[in-house]
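Data first, discussion second: the structure below is written as structure tokens.
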Amino acid sequence: MTIIRQTIKHAIATSALAVSLLSFNALATSPAHPSGLNQNMITSQTYNASNYQIHEDSKMFPSPAEGMEQHILTLPPLDDEQNYMVEILIGQTKMVDCNKHGLTGELTQDSVKGWGYQFYRVNQITDGPSTMMACLELAKKEAFLQIPGNLKIRYDSRLPEVFYLPQGSEIRYRVWRVESIFNSSKLNAQ
């Protein structure tokens with residue numbers, strides 16, 4: 001009887017640990033810190049025309065227009081920032097069938113008049129190309145679809161990275177770190 005109780009206690013403890021680990025991972029909103037530790041690194045804020053708030057570090061950027069969202073990514077200072085880049089994917093989460101789906105949208109770069117600070121904009125995102133397979137009775141599933149291409153920007157913690165996207169859009173991001181040194185293709189004189 002005690003072996004059964006110990007087995008049940010062990011199963012409950014293991015299940016509780018698994019649920020807590022999955023919950024922690026589900027709440028993670030930014031990539032692992034470049035040091036390799038699993039901690040939040042980039043913070044993000046999203047505002048639309050009705051809930052817009054002015055913040056000291058982004059007050060020079062325009063407020064979002066009606067039907068648009070302002071996404072602000074704040075990067076914490078790092079040693080040797082020149083060794084890091086941020087990769088940005090822009091898209092939407094949609095219910096899709098078994099076909100491959102895409103979105104269309106054009107990412108443009110603009111600057112704040114009088115300040116020279118850069119920001120990014122996608123004015124419109126629409127359904128893009130899709131394969132046309134017969135999915136029969138397969139259930140639809142939720143998937144992130146992105147507009148064509150991705151954006152890699154230098155890591156710079158001095159200013160936030162600001163994006164204006166149609167409502168219902170999202171940004172996915174991750175940090176890249178240089179793992180090697182530069183090599184040279186210099187011709188050696190003989």
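Residues are referred to by chain and number: the chain letter is A, B, ... according to the order shown in the structure tokens, the number counts from 1 in that chain, and ligands are numbered separately from 1 in the order shown.
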Residues of range 24-120 of chain A within 7 Å of range 165-175 of chain A: nearest atom pair and distance (Å, one decimal) for each, counting only C-alpha atoms, sorted by chain and number, as JSON lines?
{"residue": "A:Pro31", "atom": "CA", "partner": "A:Arg174", "partner_atom": "CA", "distance": 5.6}
{"residue": "A:Gly67", "atom": "CA", "partner": "A:Gln167", "partner_atom": "CA", "distance": 5.7}
{"residue": "A:Met68", "atom": "CA", "partner": "A:Pro166", "partner_atom": "CA", "distance": 4.4}
{"residue": "A:Glu69", "atom": "CA", "partner": "A:Leu165", "partner_atom": "CA", "distance": 5.3}
{"residue": "A:Gln70", "atom": "CA", "partner": "A:Leu165", "partner_atom": "CA", "distance": 6.6}
{"residue": "A:Tyr84", "atom": "CA", "partner": "A:Val175", "partner_atom": "CA", "distance": 6.8}
{"residue": "A:Met85", "atom": "CA", "partner": "A:Val175", "partner_atom": "CA", "distance": 5.7}
{"residue": "A:Val86", "atom": "CA", "partner": "A:Val175", "partner_atom": "CA", "distance": 4.5}
{"residue": "A:Glu87", "atom": "CA", "partner": "A:Arg174", "partner_atom": "CA", "distance": 5.4}
{"residue": "A:Ile88", "atom": "CA", "partner": "A:Tyr173", "partner_atom": "CA", "distance": 4.6}
{"residue": "A:Leu89", "atom": "CA", "partner": "A:Arg172", "partner_atom": "CA", "distance": 5.0}
{"residue": "A:Ile90", "atom": "CA", "partner": "A:Ile171", "partner_atom": "CA", "distance": 4.7}
{"residue": "A:Gly91", "atom": "CA", "partner": "A:Glu170", "partner_atom": "CA", "distance": 5.6}
{"residue": "A:Gln92", "atom": "CA", "partner": "A:Ser169", "partner_atom": "CA", "distance": 4.7}
Which of range 30-140 of chain A end up as strand (DSSP E) when DSSP is run on this backbone - answer as JSON, numbers by chain?
{"A": [43, 44, 45, 46, 47, 48, 68, 69, 70, 71, 72, 73, 74, 84, 85, 86, 87, 88, 89, 90, 91, 92, 93, 94, 95, 96, 101, 102, 103, 104, 107, 108, 109, 110, 111, 118, 119, 120, 121, 122, 126, 127, 128, 129, 130]}
Write out, as a CSV table (one decimal), in the first residue's frame, the residues just selected, with N, CA and C atoms.
chain,number,residue,atom,x,y,z
A,43,THR,N,11.6,44.4,-23.6
A,43,THR,CA,10.2,44.7,-23.2
A,43,THR,C,9.5,45.3,-24.4
A,44,SER,N,8.2,45.0,-24.5
A,44,SER,CA,7.4,45.5,-25.6
A,44,SER,C,6.1,46.1,-25.0
A,45,GLN,N,5.6,47.1,-25.6
A,45,GLN,CA,4.4,47.8,-25.3
A,45,GLN,C,3.6,48.1,-26.6
A,46,THR,N,2.3,47.9,-26.6
A,46,THR,CA,1.5,48.2,-27.7
A,46,THR,C,0.4,49.1,-27.4
A,47,TYR,N,0.2,50.1,-28.2
A,47,TYR,CA,-0.9,51.1,-28.0
A,47,TYR,C,-1.7,51.3,-29.3
A,48,ASN,N,-2.9,51.6,-29.1
A,48,ASN,CA,-3.7,52.1,-30.3
A,48,ASN,C,-4.2,53.5,-30.0
A,68,MET,N,-4.6,51.8,-36.4
A,68,MET,CA,-3.2,51.4,-36.3
A,68,MET,C,-2.8,51.2,-34.8
A,69,GLU,N,-1.7,50.4,-34.7
A,69,GLU,CA,-1.1,50.2,-33.4
A,69,GLU,C,0.3,50.6,-33.4
A,70,GLN,N,0.8,51.1,-32.3
A,70,GLN,CA,2.2,51.5,-32.1
A,70,GLN,C,2.8,50.4,-31.2
A,71,HIS,N,3.9,49.8,-31.7
A,71,HIS,CA,4.6,48.7,-31.0
A,71,HIS,C,5.9,49.3,-30.6
A,72,ILE,N,6.3,49.3,-29.4
A,72,ILE,CA,7.5,49.9,-28.9
A,72,ILE,C,8.3,48.7,-28.3
A,73,LEU,N,9.5,48.5,-28.8
A,73,LEU,CA,10.5,47.5,-28.2
A,73,LEU,C,11.6,48.3,-27.5
A,74,THR,N,11.8,48.0,-26.3
A,74,THR,CA,12.8,48.7,-25.5
A,74,THR,C,13.9,47.6,-25.2
A,84,TYR,N,25.6,42.4,-31.3
A,84,TYR,CA,24.2,41.9,-31.3
A,84,TYR,C,23.3,42.5,-32.4
A,85,MET,N,22.3,41.7,-32.8
A,85,MET,CA,21.3,42.2,-33.7
A,85,MET,C,20.0,41.7,-33.3
A,86,VAL,N,18.9,42.4,-33.7
A,86,VAL,CA,17.5,42.0,-33.4
A,86,VAL,C,16.9,41.7,-34.7
A,87,GLU,N,16.3,40.5,-34.7
A,87,GLU,CA,15.5,40.0,-35.9
A,87,GLU,C,14.0,40.3,-35.6
A,88,ILE,N,13.4,40.9,-36.6
A,88,ILE,CA,12.0,41.2,-36.4
A,88,ILE,C,11.1,40.5,-37.5
A,89,LEU,N,10.1,39.9,-37.1
A,89,LEU,CA,9.1,39.3,-38.0
A,89,LEU,C,7.7,40.0,-37.7
A,90,ILE,N,7.1,40.4,-38.8
A,90,ILE,CA,5.8,41.1,-38.6
A,90,ILE,C,4.7,40.3,-39.3
A,91,GLY,N,3.6,40.1,-38.6
A,91,GLY,CA,2.5,39.3,-39.1
A,91,GLY,C,1.3,39.4,-38.3
A,92,GLN,N,0.5,38.3,-38.4
A,92,GLN,CA,-0.8,38.2,-37.6
A,92,GLN,C,-1.0,36.7,-37.3
A,93,THR,N,-1.6,36.4,-36.2
A,93,THR,CA,-2.0,35.1,-35.9
A,93,THR,C,-3.4,34.8,-36.4
A,94,LYS,N,-3.6,33.8,-37.2
A,94,LYS,CA,-4.8,33.5,-37.8
A,94,LYS,C,-5.1,32.0,-37.7
A,95,MET,N,-6.4,31.6,-37.9
A,95,MET,CA,-6.8,30.2,-38.0
A,95,MET,C,-6.6,29.8,-39.5
A,96,VAL,N,-5.9,28.7,-39.6
A,96,VAL,CA,-5.5,28.2,-41.0
A,96,VAL,C,-5.8,26.8,-41.1
A,101,HIS,N,-0.1,29.3,-46.0
A,101,HIS,CA,-0.7,30.6,-46.1
A,101,HIS,C,0.3,31.7,-45.9
A,102,GLY,N,0.1,32.8,-46.5
A,102,GLY,CA,1.0,33.9,-46.4
A,102,GLY,C,0.2,35.2,-46.3
A,103,LEU,N,0.9,36.3,-46.0
A,103,LEU,CA,0.3,37.6,-45.9
A,103,LEU,C,1.1,38.5,-46.8
A,104,THR,N,0.5,39.6,-47.2
A,104,THR,CA,1.2,40.6,-48.0
A,104,THR,C,1.1,41.9,-47.2
A,107,LEU,N,6.8,46.8,-45.6
A,107,LEU,CA,7.5,47.5,-44.5
A,107,LEU,C,8.3,48.6,-45.0
A,108,THR,N,8.0,49.8,-44.5
A,108,THR,CA,8.8,51.0,-44.9
A,108,THR,C,9.4,51.6,-43.6
A,109,GLN,N,10.5,52.3,-43.9
A,109,GLN,CA,11.2,53.0,-42.8
A,109,GLN,C,11.0,54.5,-43.0
A,110,ASP,N,10.7,55.2,-41.9
A,110,ASP,CA,10.5,56.6,-41.9
A,110,ASP,C,11.3,57.3,-40.8
A,111,SER,N,11.3,58.6,-40.7
A,111,SER,CA,12.0,59.3,-39.6
A,111,SER,C,11.1,60.3,-39.0
A,118,GLN,N,14.5,57.0,-36.5
A,118,GLN,CA,13.9,56.1,-37.4
A,118,GLN,C,12.8,55.3,-36.8
A,119,PHE,N,11.7,55.0,-37.5
A,119,PHE,CA,10.7,54.1,-37.1
A,119,PHE,C,10.2,53.3,-38.3
A,120,TYR,N,9.4,52.3,-38.1
A,120,TYR,CA,9.0,51.4,-39.2
A,120,TYR,C,7.5,51.4,-39.3
A,121,ARG,N,7.0,51.2,-40.5
A,121,ARG,CA,5.5,51.2,-40.7
A,121,ARG,C,5.1,50.2,-41.7
A,122,VAL,N,4.0,49.6,-41.5
A,122,VAL,CA,3.3,48.7,-42.4
A,122,VAL,C,1.8,49.3,-42.5
A,126,THR,N,-2.7,42.2,-45.8
A,126,THR,CA,-3.8,41.5,-46.4
A,126,THR,C,-3.4,40.0,-46.6
A,127,ASP,N,-4.5,39.2,-46.8
A,127,ASP,CA,-4.2,37.8,-47.0
A,127,ASP,C,-3.4,37.7,-48.3
A,128,GLY,N,-2.4,36.8,-48.3
A,128,GLY,CA,-1.5,36.7,-49.4
A,128,GLY,C,-1.7,35.3,-50.1
A,129,PRO,N,-0.7,34.9,-50.8
A,129,PRO,CA,-0.8,33.6,-51.5
A,129,PRO,C,-1.0,32.4,-50.6
A,130,SER,N,-1.7,31.4,-51.2
A,130,SER,CA,-1.9,30.2,-50.4
A,130,SER,C,-1.9,29.0,-51.4
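Distances here use only C-alpha atoms; by that measure, the residue among A:Asp97, A:Cys135, A:Val112, A:Pro76 closest to Met41 in chain A is A:Pro76.
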Between CA of Ser180 in chain A and CA of Gln82 in chain A - distance in Å to one decimal:
13.0 Å
Need the shell around Pro77 in chain A: protein/DNA/RNA residues with any atom at most 9 Å away, counting only C-alpha atoms. Skip same-chain ones fewer than 2 positions apart. Format as a ChimeraX atom specification?
/A:75,79,81,156-158
Dump of all heavy atoms for the selected residues, as a PDB file, in the first residue's frame:
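Contents of part-v9.pdb, as written:
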ATOM      1  N   LEU A  75      15.114  47.966 -25.618  1.00  0.00           N
ATOM      2  CA  LEU A  75      16.248  47.065 -25.483  1.00  0.00           C
ATOM      3  C   LEU A  75      17.120  47.519 -24.313  1.00  0.00           C
ATOM      4  O   LEU A  75      17.535  48.680 -24.282  1.00  0.00           O
ATOM      5  CB  LEU A  75      17.086  47.055 -26.758  1.00  0.00           C
ATOM      6  CG  LEU A  75      16.503  46.388 -27.988  1.00  0.00           C
ATOM      7  CD1 LEU A  75      15.256  47.051 -28.499  1.00  0.00           C
ATOM      8  CD2 LEU A  75      17.532  46.319 -29.087  1.00  0.00           C
ATOM      9  N   ASP A  79      26.819  44.993 -22.771  1.00  0.00           N
ATOM     10  CA  ASP A  79      28.226  45.215 -23.104  1.00  0.00           C
ATOM     11  C   ASP A  79      28.420  44.798 -24.560  1.00  0.00           C
ATOM     12  O   ASP A  79      27.828  43.825 -25.021  1.00  0.00           O
ATOM     13  CB  ASP A  79      29.133  44.363 -22.213  1.00  0.00           C
ATOM     14  CG  ASP A  79      29.056  44.774 -20.749  1.00  0.00           C
ATOM     15  OD1 ASP A  79      28.752  45.961 -20.481  1.00  0.00           O
ATOM     16  OD2 ASP A  79      29.282  43.912 -19.880  1.00  0.00           O
ATOM     17  N   GLU A  81      27.448  46.077 -27.561  1.00  0.00           N
ATOM     18  CA  GLU A  81      26.201  46.015 -28.337  1.00  0.00           C
ATOM     19  C   GLU A  81      26.449  45.802 -29.823  1.00  0.00           C
ATOM     20  O   GLU A  81      25.577  45.310 -30.524  1.00  0.00           O
ATOM     21  CB  GLU A  81      25.366  47.274 -28.103  1.00  0.00           C
ATOM     22  CG  GLU A  81      24.733  47.293 -26.735  1.00  0.00           C
ATOM     23  CD  GLU A  81      23.765  48.443 -26.521  1.00  0.00           C
ATOM     24  OE1 GLU A  81      23.539  49.241 -27.456  1.00  0.00           O
ATOM     25  OE2 GLU A  81      23.224  48.541 -25.413  1.00  0.00           O
ATOM     26  N   ASP A 156      20.669  48.527 -30.408  1.00  0.00           N
ATOM     27  CA  ASP A 156      21.007  49.861 -29.905  1.00  0.00           C
ATOM     28  C   ASP A 156      20.031  50.200 -28.784  1.00  0.00           C
ATOM     29  O   ASP A 156      18.863  50.470 -29.029  1.00  0.00           O
ATOM     30  CB  ASP A 156      20.923  50.896 -31.032  1.00  0.00           C
ATOM     31  CG  ASP A 156      21.409  52.266 -30.608  1.00  0.00           C
ATOM     32  OD1 ASP A 156      21.721  52.484 -29.415  1.00  0.00           O
ATOM     33  OD2 ASP A 156      21.477  53.144 -31.490  1.00  0.00           O
ATOM     34  N   SER A 157      20.524  50.194 -27.557  1.00  0.00           N
ATOM     35  CA  SER A 157      19.663  50.420 -26.403  1.00  0.00           C
ATOM     36  C   SER A 157      19.384  51.893 -26.132  1.00  0.00           C
ATOM     37  O   SER A 157      18.609  52.217 -25.246  1.00  0.00           O
ATOM     38  CB  SER A 157      20.297  49.790 -25.151  1.00  0.00           C
ATOM     39  OG  SER A 157      21.538  50.416 -24.866  1.00  0.00           O
ATOM     40  N   ARG A 158      19.973  52.797 -26.904  1.00  0.00           N
ATOM     41  CA  ARG A 158      19.790  54.231 -26.637  1.00  0.00           C
ATOM     42  C   ARG A 158      18.382  54.714 -26.953  1.00  0.00           C
ATOM     43  O   ARG A 158      17.892  55.641 -26.314  1.00  0.00           O
ATOM     44  CB  ARG A 158      20.815  55.048 -27.418  1.00  0.00           C
ATOM     45  CG  ARG A 158      22.240  54.782 -26.938  1.00  0.00           C
ATOM     46  CD  ARG A 158      23.238  55.510 -27.773  1.00  0.00           C
ATOM     47  NE  ARG A 158      23.212  54.930 -29.115  1.00  0.00           N
ATOM     48  CZ  ARG A 158      23.873  55.398 -30.146  1.00  0.00           C
ATOM     49  NH1 ARG A 158      24.606  56.477 -30.024  1.00  0.00           N
ATOM     50  NH2 ARG A 158      23.795  54.820 -31.313  1.00  0.00           N
TER      51      ARG A 158
END
CA of Thr131 in chain A to CA of Phe144 in chain A, straight-line distance in Å:
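Separating CA of Phe144 in chain A from CA of Thr131 in chain A is a distance of 16.3 Å.
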